[in-house]
file structure-v5.txt (compact mmCIF, N, CA and C atoms and all ligand atoms)
# COMPACT_ATOMS: atom_id res chain seq x y z
N MET A 236 62.44 123.78 -162.77
CA MET A 236 63.01 123.54 -161.46
C MET A 236 61.93 123.10 -160.48
N SER A 237 60.81 123.78 -160.55
CA SER A 237 59.72 123.40 -159.65
C SER A 237 58.79 122.41 -160.33
N GLU A 238 58.92 121.18 -159.93
CA GLU A 238 58.06 120.14 -160.50
C GLU A 238 56.70 120.18 -159.80
N PRO A 239 55.68 120.20 -160.59
CA PRO A 239 54.35 120.19 -159.96
C PRO A 239 54.01 118.81 -159.40
N GLU A 240 54.41 118.57 -158.16
CA GLU A 240 54.25 117.23 -157.59
C GLU A 240 52.80 116.90 -157.29
N ASN A 241 52.06 117.95 -156.98
CA ASN A 241 50.66 117.71 -156.63
C ASN A 241 49.74 117.76 -157.83
N PHE A 242 50.34 117.74 -158.97
CA PHE A 242 49.53 117.79 -160.18
C PHE A 242 48.76 116.49 -160.37
N ILE A 243 47.47 116.62 -160.50
CA ILE A 243 46.66 115.44 -160.71
C ILE A 243 46.26 115.40 -162.19
N PRO A 244 46.66 114.34 -162.89
CA PRO A 244 46.32 114.25 -164.31
C PRO A 244 44.82 114.10 -164.50
N GLU A 245 44.35 114.61 -165.59
CA GLU A 245 42.92 114.56 -165.84
C GLU A 245 42.48 113.13 -166.12
N SER A 246 43.31 112.41 -166.80
CA SER A 246 43.01 111.01 -167.05
C SER A 246 44.33 110.28 -167.19
N TYR A 247 44.34 109.03 -166.79
CA TYR A 247 45.58 108.29 -166.88
C TYR A 247 45.30 106.83 -167.16
N PRO A 248 46.27 106.12 -167.73
CA PRO A 248 46.03 104.73 -168.11
C PRO A 248 45.75 103.85 -166.91
N CYS A 249 44.86 102.90 -167.11
CA CYS A 249 44.45 102.01 -166.03
C CYS A 249 45.57 101.01 -165.74
N ASN A 250 45.90 100.88 -164.46
CA ASN A 250 46.95 99.93 -164.10
C ASN A 250 46.39 98.56 -163.77
N GLN A 251 45.09 98.39 -164.00
CA GLN A 251 44.49 97.09 -163.73
C GLN A 251 44.31 96.29 -165.02
N CYS A 252 43.70 96.92 -166.01
CA CYS A 252 43.47 96.19 -167.25
C CYS A 252 44.49 96.59 -168.32
N HIS A 253 45.22 97.68 -168.07
CA HIS A 253 46.25 98.17 -168.99
C HIS A 253 45.71 98.47 -170.38
N ALA A 254 44.42 98.60 -170.47
CA ALA A 254 43.82 98.88 -171.78
C ALA A 254 42.98 100.14 -171.73
N GLY A 255 42.36 100.34 -170.60
CA GLY A 255 41.45 101.48 -170.49
C GLY A 255 42.13 102.71 -169.96
N VAL A 256 41.35 103.77 -169.86
CA VAL A 256 41.83 105.04 -169.34
C VAL A 256 40.90 105.45 -168.22
N LEU A 257 41.49 105.84 -167.11
CA LEU A 257 40.67 106.31 -166.00
C LEU A 257 40.31 107.77 -166.22
N GLN A 258 39.04 108.03 -166.24
CA GLN A 258 38.55 109.37 -166.49
C GLN A 258 38.00 109.95 -165.20
N PRO A 259 38.27 111.24 -164.99
CA PRO A 259 37.71 111.87 -163.79
C PRO A 259 36.19 111.97 -163.88
N ARG A 260 35.55 111.49 -162.84
CA ARG A 260 34.09 111.52 -162.79
C ARG A 260 33.66 111.88 -161.39
N PHE A 261 32.43 112.29 -161.26
CA PHE A 261 31.86 112.46 -159.94
C PHE A 261 30.84 111.37 -159.72
N VAL A 262 31.08 110.59 -158.67
CA VAL A 262 30.22 109.45 -158.41
C VAL A 262 29.60 109.60 -157.03
N THR A 263 28.70 108.71 -156.73
CA THR A 263 28.17 108.65 -155.38
C THR A 263 28.99 107.63 -154.61
N TYR A 264 29.63 108.11 -153.58
CA TYR A 264 30.52 107.26 -152.80
C TYR A 264 29.75 106.66 -151.63
N PHE A 265 29.88 105.35 -151.46
CA PHE A 265 29.20 104.66 -150.38
C PHE A 265 30.22 104.22 -149.34
N THR A 266 29.92 104.46 -148.10
CA THR A 266 30.78 103.96 -147.04
C THR A 266 29.93 103.68 -145.81
N TRP A 267 30.41 102.77 -145.00
CA TRP A 267 29.68 102.43 -143.79
C TRP A 267 30.27 103.18 -142.61
N LEU A 268 29.37 103.81 -141.85
CA LEU A 268 29.78 104.44 -140.60
C LEU A 268 29.06 103.68 -139.50
N GLY A 269 29.78 102.71 -138.91
CA GLY A 269 29.12 101.84 -137.96
C GLY A 269 28.09 101.00 -138.69
N ALA A 270 26.84 101.16 -138.31
CA ALA A 270 25.78 100.40 -138.96
C ALA A 270 25.04 101.25 -139.98
N GLU A 271 25.53 102.48 -140.17
CA GLU A 271 24.84 103.37 -141.08
C GLU A 271 25.55 103.45 -142.41
N LEU A 272 24.78 103.36 -143.46
CA LEU A 272 25.35 103.51 -144.79
C LEU A 272 25.34 104.98 -145.17
N ILE A 273 26.52 105.50 -145.41
CA ILE A 273 26.65 106.91 -145.77
C ILE A 273 26.82 107.01 -147.27
N THR A 274 26.08 107.87 -147.88
CA THR A 274 26.26 108.10 -149.31
C THR A 274 26.71 109.54 -149.51
N VAL A 275 27.73 109.69 -150.30
CA VAL A 275 28.27 111.02 -150.59
C VAL A 275 28.15 111.28 -152.08
N PRO A 276 27.20 112.10 -152.47
CA PRO A 276 27.06 112.40 -153.90
C PRO A 276 28.16 113.32 -154.39
N HIS A 277 28.42 113.26 -155.67
CA HIS A 277 29.41 114.13 -156.32
C HIS A 277 30.80 113.96 -155.71
N PHE A 278 31.18 112.71 -155.49
CA PHE A 278 32.49 112.44 -154.93
C PHE A 278 33.47 112.25 -156.07
N PRO A 279 34.64 112.92 -156.00
CA PRO A 279 35.60 112.82 -157.11
C PRO A 279 36.21 111.43 -157.20
N ALA A 280 36.16 110.86 -158.38
CA ALA A 280 36.73 109.54 -158.60
C ALA A 280 37.20 109.43 -160.04
N TRP A 281 38.06 108.45 -160.26
CA TRP A 281 38.50 108.17 -161.62
C TRP A 281 37.98 106.78 -161.97
N ILE A 282 37.30 106.71 -163.08
CA ILE A 282 36.69 105.45 -163.50
C ILE A 282 37.33 104.99 -164.80
N CYS A 283 37.71 103.71 -164.82
CA CYS A 283 38.26 103.14 -166.04
C CYS A 283 37.12 102.89 -167.03
N ASP A 284 37.34 103.29 -168.25
CA ASP A 284 36.27 103.13 -169.24
C ASP A 284 36.23 101.73 -169.83
N VAL A 285 37.17 100.88 -169.43
CA VAL A 285 37.16 99.51 -169.94
C VAL A 285 36.74 98.52 -168.85
N CYS A 286 37.48 98.50 -167.74
CA CYS A 286 37.19 97.51 -166.71
C CYS A 286 36.36 98.08 -165.56
N GLY A 287 36.21 99.37 -165.54
CA GLY A 287 35.35 99.96 -164.51
C GLY A 287 36.03 100.14 -163.17
N LYS A 288 37.33 100.03 -163.16
CA LYS A 288 38.08 100.23 -161.91
C LYS A 288 37.88 101.65 -161.40
N ARG A 289 37.69 101.74 -160.09
CA ARG A 289 37.46 103.05 -159.49
C ARG A 289 38.65 103.45 -158.64
N ASP A 290 39.12 104.65 -158.88
CA ASP A 290 40.15 105.23 -158.03
C ASP A 290 39.56 106.48 -157.41
N TYR A 291 39.63 106.54 -156.10
CA TYR A 291 39.10 107.74 -155.45
C TYR A 291 40.24 108.69 -155.13
N ASP A 292 39.89 109.94 -155.09
CA ASP A 292 40.88 110.95 -154.75
C ASP A 292 41.28 110.78 -153.29
N GLU A 293 42.56 110.58 -153.09
CA GLU A 293 43.06 110.27 -151.74
C GLU A 293 42.75 111.39 -150.75
N LYS A 294 42.90 112.61 -151.22
CA LYS A 294 42.62 113.74 -150.33
C LYS A 294 41.15 113.82 -149.98
N ALA A 295 40.32 113.48 -150.96
CA ALA A 295 38.88 113.51 -150.70
C ALA A 295 38.50 112.43 -149.70
N ILE A 296 39.18 111.27 -149.80
CA ILE A 296 38.92 110.18 -148.86
C ILE A 296 39.33 110.61 -147.45
N GLN A 297 40.49 111.23 -147.36
CA GLN A 297 40.97 111.68 -146.05
C GLN A 297 40.03 112.72 -145.46
N TRP A 298 39.59 113.60 -146.33
CA TRP A 298 38.67 114.65 -145.89
C TRP A 298 37.37 114.03 -145.39
N LEU A 299 36.91 113.03 -146.12
CA LEU A 299 35.66 112.39 -145.75
C LEU A 299 35.81 111.62 -144.45
N THR A 300 36.94 110.94 -144.28
CA THR A 300 37.19 110.19 -143.06
C THR A 300 37.20 111.13 -141.86
N MET A 301 37.82 112.27 -142.03
CA MET A 301 37.86 113.24 -140.94
C MET A 301 36.48 113.78 -140.65
N LEU A 302 35.73 113.97 -141.73
CA LEU A 302 34.40 114.54 -141.59
C LEU A 302 33.47 113.58 -140.85
N LEU A 303 33.60 112.30 -141.18
CA LEU A 303 32.71 111.30 -140.61
C LEU A 303 33.14 110.89 -139.21
N ASP A 304 34.42 111.00 -138.93
CA ASP A 304 34.92 110.56 -137.64
C ASP A 304 35.72 111.67 -136.98
N PRO A 305 35.03 112.57 -136.28
CA PRO A 305 35.73 113.69 -135.64
C PRO A 305 36.65 113.22 -134.53
N ASN A 306 36.47 111.99 -134.07
CA ASN A 306 37.32 111.48 -132.99
C ASN A 306 38.53 110.73 -133.52
N ALA A 307 38.78 110.85 -134.82
CA ALA A 307 39.91 110.15 -135.40
C ALA A 307 41.20 110.61 -134.74
N GLY A 308 41.99 109.66 -134.30
CA GLY A 308 43.25 110.02 -133.67
C GLY A 308 43.13 110.12 -132.16
N LYS A 309 41.90 110.28 -131.69
CA LYS A 309 41.71 110.34 -130.25
C LYS A 309 41.37 108.95 -129.73
N PRO A 310 41.68 108.70 -128.47
CA PRO A 310 41.29 107.40 -127.90
C PRO A 310 39.77 107.27 -127.86
N THR A 311 39.32 106.10 -128.21
CA THR A 311 37.88 105.91 -128.28
C THR A 311 37.29 105.75 -126.88
N THR A 312 36.23 106.45 -126.66
CA THR A 312 35.53 106.32 -125.40
C THR A 312 34.31 105.45 -125.63
N ASN A 313 33.90 104.80 -124.58
CA ASN A 313 32.74 103.92 -124.73
C ASN A 313 31.44 104.65 -124.40
N HIS A 314 31.51 105.97 -124.55
CA HIS A 314 30.30 106.75 -124.31
C HIS A 314 29.29 106.46 -125.41
N HIS A 315 28.12 106.10 -124.98
CA HIS A 315 27.08 105.88 -125.98
C HIS A 315 26.25 107.15 -126.06
N ARG A 316 26.48 107.86 -127.15
CA ARG A 316 25.75 109.11 -127.31
C ARG A 316 24.55 108.89 -128.20
N THR A 317 23.46 109.43 -127.77
CA THR A 317 22.28 109.38 -128.63
C THR A 317 22.28 110.64 -129.48
N PRO A 318 22.22 110.46 -130.76
CA PRO A 318 22.20 111.64 -131.62
C PRO A 318 20.93 112.43 -131.43
N PRO A 319 21.04 113.74 -131.54
CA PRO A 319 19.83 114.57 -131.43
C PRO A 319 18.87 114.27 -132.56
N PHE A 320 17.85 113.57 -132.18
CA PHE A 320 16.90 113.15 -133.21
C PHE A 320 15.65 114.00 -133.10
N PRO A 321 15.32 114.66 -134.17
CA PRO A 321 14.12 115.51 -134.11
C PRO A 321 12.86 114.67 -133.96
N ARG A 322 12.15 114.95 -132.89
CA ARG A 322 10.92 114.20 -132.68
C ARG A 322 9.83 114.73 -133.61
N PRO A 323 9.17 113.83 -134.25
CA PRO A 323 8.06 114.27 -135.10
C PRO A 323 6.91 114.77 -134.25
N HIS A 324 6.33 115.86 -134.69
CA HIS A 324 5.19 116.37 -133.95
C HIS A 324 4.01 115.43 -134.15
N PRO A 325 3.50 114.96 -133.03
CA PRO A 325 2.34 114.07 -133.17
C PRO A 325 1.16 114.86 -133.69
N SER A 326 0.70 114.47 -134.81
CA SER A 326 -0.43 115.18 -135.38
C SER A 326 -1.69 114.82 -134.59
N ALA A 327 -2.18 115.81 -133.90
CA ALA A 327 -3.35 115.56 -133.07
C ALA A 327 -4.55 115.27 -133.96
N PRO A 328 -5.11 114.12 -133.72
CA PRO A 328 -6.30 113.79 -134.52
C PRO A 328 -7.46 114.69 -134.17
N ARG A 329 -8.00 115.28 -135.18
CA ARG A 329 -9.11 116.19 -134.94
C ARG A 329 -10.34 115.39 -134.54
N PRO A 330 -10.98 115.90 -133.49
CA PRO A 330 -12.23 115.21 -133.09
C PRO A 330 -13.27 115.35 -134.20
N HIS A 331 -13.74 114.26 -134.60
CA HIS A 331 -14.71 114.28 -135.70
C HIS A 331 -16.08 114.64 -135.17
N LEU A 332 -16.47 115.86 -135.50
CA LEU A 332 -17.78 116.29 -135.02
C LEU A 332 -18.81 115.96 -136.09
N ASP A 333 -19.71 115.15 -135.72
CA ASP A 333 -20.76 114.97 -136.68
C ASP A 333 -22.07 115.40 -136.07
N SER A 334 -22.50 116.56 -136.56
CA SER A 334 -23.68 117.17 -135.97
C SER A 334 -24.85 117.05 -136.91
ZN ZN B 401 40.85 99.27 -166.50

call {"tool": "encode", "arguments": {"input": "structure-v5.txt", "output": "structure tokens"}}
result
Amino acid sequence: MSEPENFIPESYPCNQCHAGVLQPRFVTYFTWLGAELITVPHFPAWICDVCGKRDYDEKAIQWLTMLLDPNAGKPTTNHHRTPPFPRPHPSAPRPHLDS
């Protein structure tokens, strides 16, 4: 009676090449956030073993989108915020004493 609708199959036939099987893998996901390239290691994805087609977990994508863009759904403001950037401590050059 209760169909497991949210059941995610471990592997399923590829709908692109119709020959391979998409296997669950953890990959490094690349996405652009503005001008910054974001890399997310160990991102859940399904990879076809024949054509290499990648399917990402939709929930993981949504989670990542929310994570990267906390203002999602809100009107965008043109506030230019400078991210808190840790200033490197200037290494004071030691005076070279030659006696
Ligand atoms: Zn395929």

call {"tool": "closest_residue", "arguments": {"input": "structure-v5.txt", "among": "A:Ile282, A:Leu302, A:Gln297, A:Asp290", "to": "A:Leu257", "atoms": "all atoms listed in the file"}}
result
A:Ile282

call {"tool": "atom_distance", "arguments": {"input": "structure-v5.txt", "atom1": "atom C of A:Pro276", "atom2": "atom N of A:Tyr247"}}
result
20.8 Å

call {"tool": "closest_residue", "arguments": {"input": "structure-v5.txt", "among": "A:Glu271, A:Val285, A:Ala295, A:His277", "to": "A:Gly255", "atoms": "only N, CA and C atoms"}}
result
A:Val285

call {"tool": "closest_atom_pairs", "arguments": {"input": "structure-v5.txt", "of": "chain A", "to": "ligand ZN 401 (chain B)", "cutoff": "6.5 Å", "atoms": "all atoms listed in the file", "output": "tab-separated table"}}
result
residue	atom	partner	partner_atom	distance
A:Cys249	CA	B:ZN401	ZN	4.5
A:Asn250	N	B:ZN401	ZN	5.7
A:Gln251	C	B:ZN401	ZN	4.8
A:Cys252	N	B:ZN401	ZN	3.7
A:His253	N	B:ZN401	ZN	4.9
A:Ala254	N	B:ZN401	ZN	5.4
A:Gly255	N	B:ZN401	ZN	4.5
A:Val256	N	B:ZN401	ZN	5.6
A:Cys283	CA	B:ZN401	ZN	4.7
A:Asp284	N	B:ZN401	ZN	5.6
A:Val285	C	B:ZN401	ZN	4.8
A:Cys286	N	B:ZN401	ZN	3.7
A:Gly287	N	B:ZN401	ZN	4.7
A:Lys288	N	B:ZN401	ZN	4.9

call {"tool": "write_last_selection", "arguments": {"input": "structure-v5.txt", "atoms": "N, CA and C atoms", "output": "short mmCIF file (atom, residue, chain, number, x, y, z; two decimals), keeping the file's coordinate frame"}}
result
data_model
loop_
_atom_site.label_atom_id
_atom_site.label_comp_id
_atom_site.auth_asym_id
_atom_site.auth_seq_id
_atom_site.Cartn_x
_atom_site.Cartn_y
_atom_site.Cartn_z
N CYS A 249 44.86 102.90 -167.11
CA CYS A 249 44.45 102.01 -166.03
C CYS A 249 45.57 101.01 -165.74
N ASN A 250 45.90 100.88 -164.46
CA ASN A 250 46.95 99.93 -164.10
C ASN A 250 46.39 98.56 -163.77
N GLN A 251 45.09 98.39 -164.00
CA GLN A 251 44.49 97.09 -163.73
C GLN A 251 44.31 96.29 -165.02
N CYS A 252 43.70 96.92 -166.01
CA CYS A 252 43.47 96.19 -167.25
C CYS A 252 44.49 96.59 -168.32
N HIS A 253 45.22 97.68 -168.07
CA HIS A 253 46.25 98.17 -168.99
C HIS A 253 45.71 98.47 -170.38
N ALA A 254 44.42 98.60 -170.47
CA ALA A 254 43.82 98.88 -171.78
C ALA A 254 42.98 100.14 -171.73
N GLY A 255 42.36 100.34 -170.60
CA GLY A 255 41.45 101.48 -170.49
C GLY A 255 42.13 102.71 -169.96
N VAL A 256 41.35 103.77 -169.86
CA VAL A 256 41.83 105.04 -169.34
C VAL A 256 40.90 105.45 -168.22
N CYS A 283 37.71 103.71 -164.82
CA CYS A 283 38.26 103.14 -166.04
C CYS A 283 37.12 102.89 -167.03
N ASP A 284 37.34 103.29 -168.25
CA ASP A 284 36.27 103.13 -169.24
C ASP A 284 36.23 101.73 -169.83
N VAL A 285 37.17 100.88 -169.43
CA VAL A 285 37.16 99.51 -169.94
C VAL A 285 36.74 98.52 -168.85
N CYS A 286 37.48 98.50 -167.74
CA CYS A 286 37.19 97.51 -166.71
C CYS A 286 36.36 98.08 -165.56
N GLY A 287 36.21 99.37 -165.54
CA GLY A 287 35.35 99.96 -164.51
C GLY A 287 36.03 100.14 -163.17
N LYS A 288 37.33 100.03 -163.16
CA LYS A 288 38.08 100.23 -161.91
C LYS A 288 37.88 101.65 -161.40
#

call {"tool": "axis_aligned_box", "arguments": {"input": "structure-v5.txt", "around": "stretch 269-280 of chain A", "padding_each_side": "6 Å", "output": "lines of an AutoDock Vina configuration file"}}
result
center_x = 31.0
center_y = 107.3
center_z = -149.0
size_x = 24.4
size_y = 25.7
size_z = 34.1

call {"tool": "atom_distance", "arguments": {"input": "structure-v5.txt", "atom1": "atom CA of A:Trp281", "atom2": "atom CA of A:Gln258"}}
result
5.0 Å

call {"tool": "atom_distance", "arguments": {"input": "structure-v5.txt", "atom1": "atom CA of A:Asn306", "atom2": "atom CA of A:Tyr264"}}
result
21.4 Å

call {"tool": "select_by_dssp", "arguments": {"input": "structure-v5.txt", "residues": "stretch 266-314 of chain A", "states": "alpha helix (DSSP H)", "output": "list in words"}}
result
Glu293, Lys294, Ala295, Ile296, Gln297, Trp298, Leu299, Thr300, Met301, Leu302 and Leu303 of chain A

call {"tool": "closest_residue", "arguments": {"input": "structure-v5.txt", "among": "A:Phe261, A:Ile296, A:Trp267, A:Ser246", "to": "A:Pro279", "atoms": "only C-alpha atoms"}}
result
A:Phe261

call {"tool": "closest_residue", "arguments": {"input": "structure-v5.txt", "among": "A:Glu245, A:Ser326, A:Thr263, A:Trp298", "to": "A:Val275", "atoms": "only C-alpha atoms"}}
result
A:Thr263
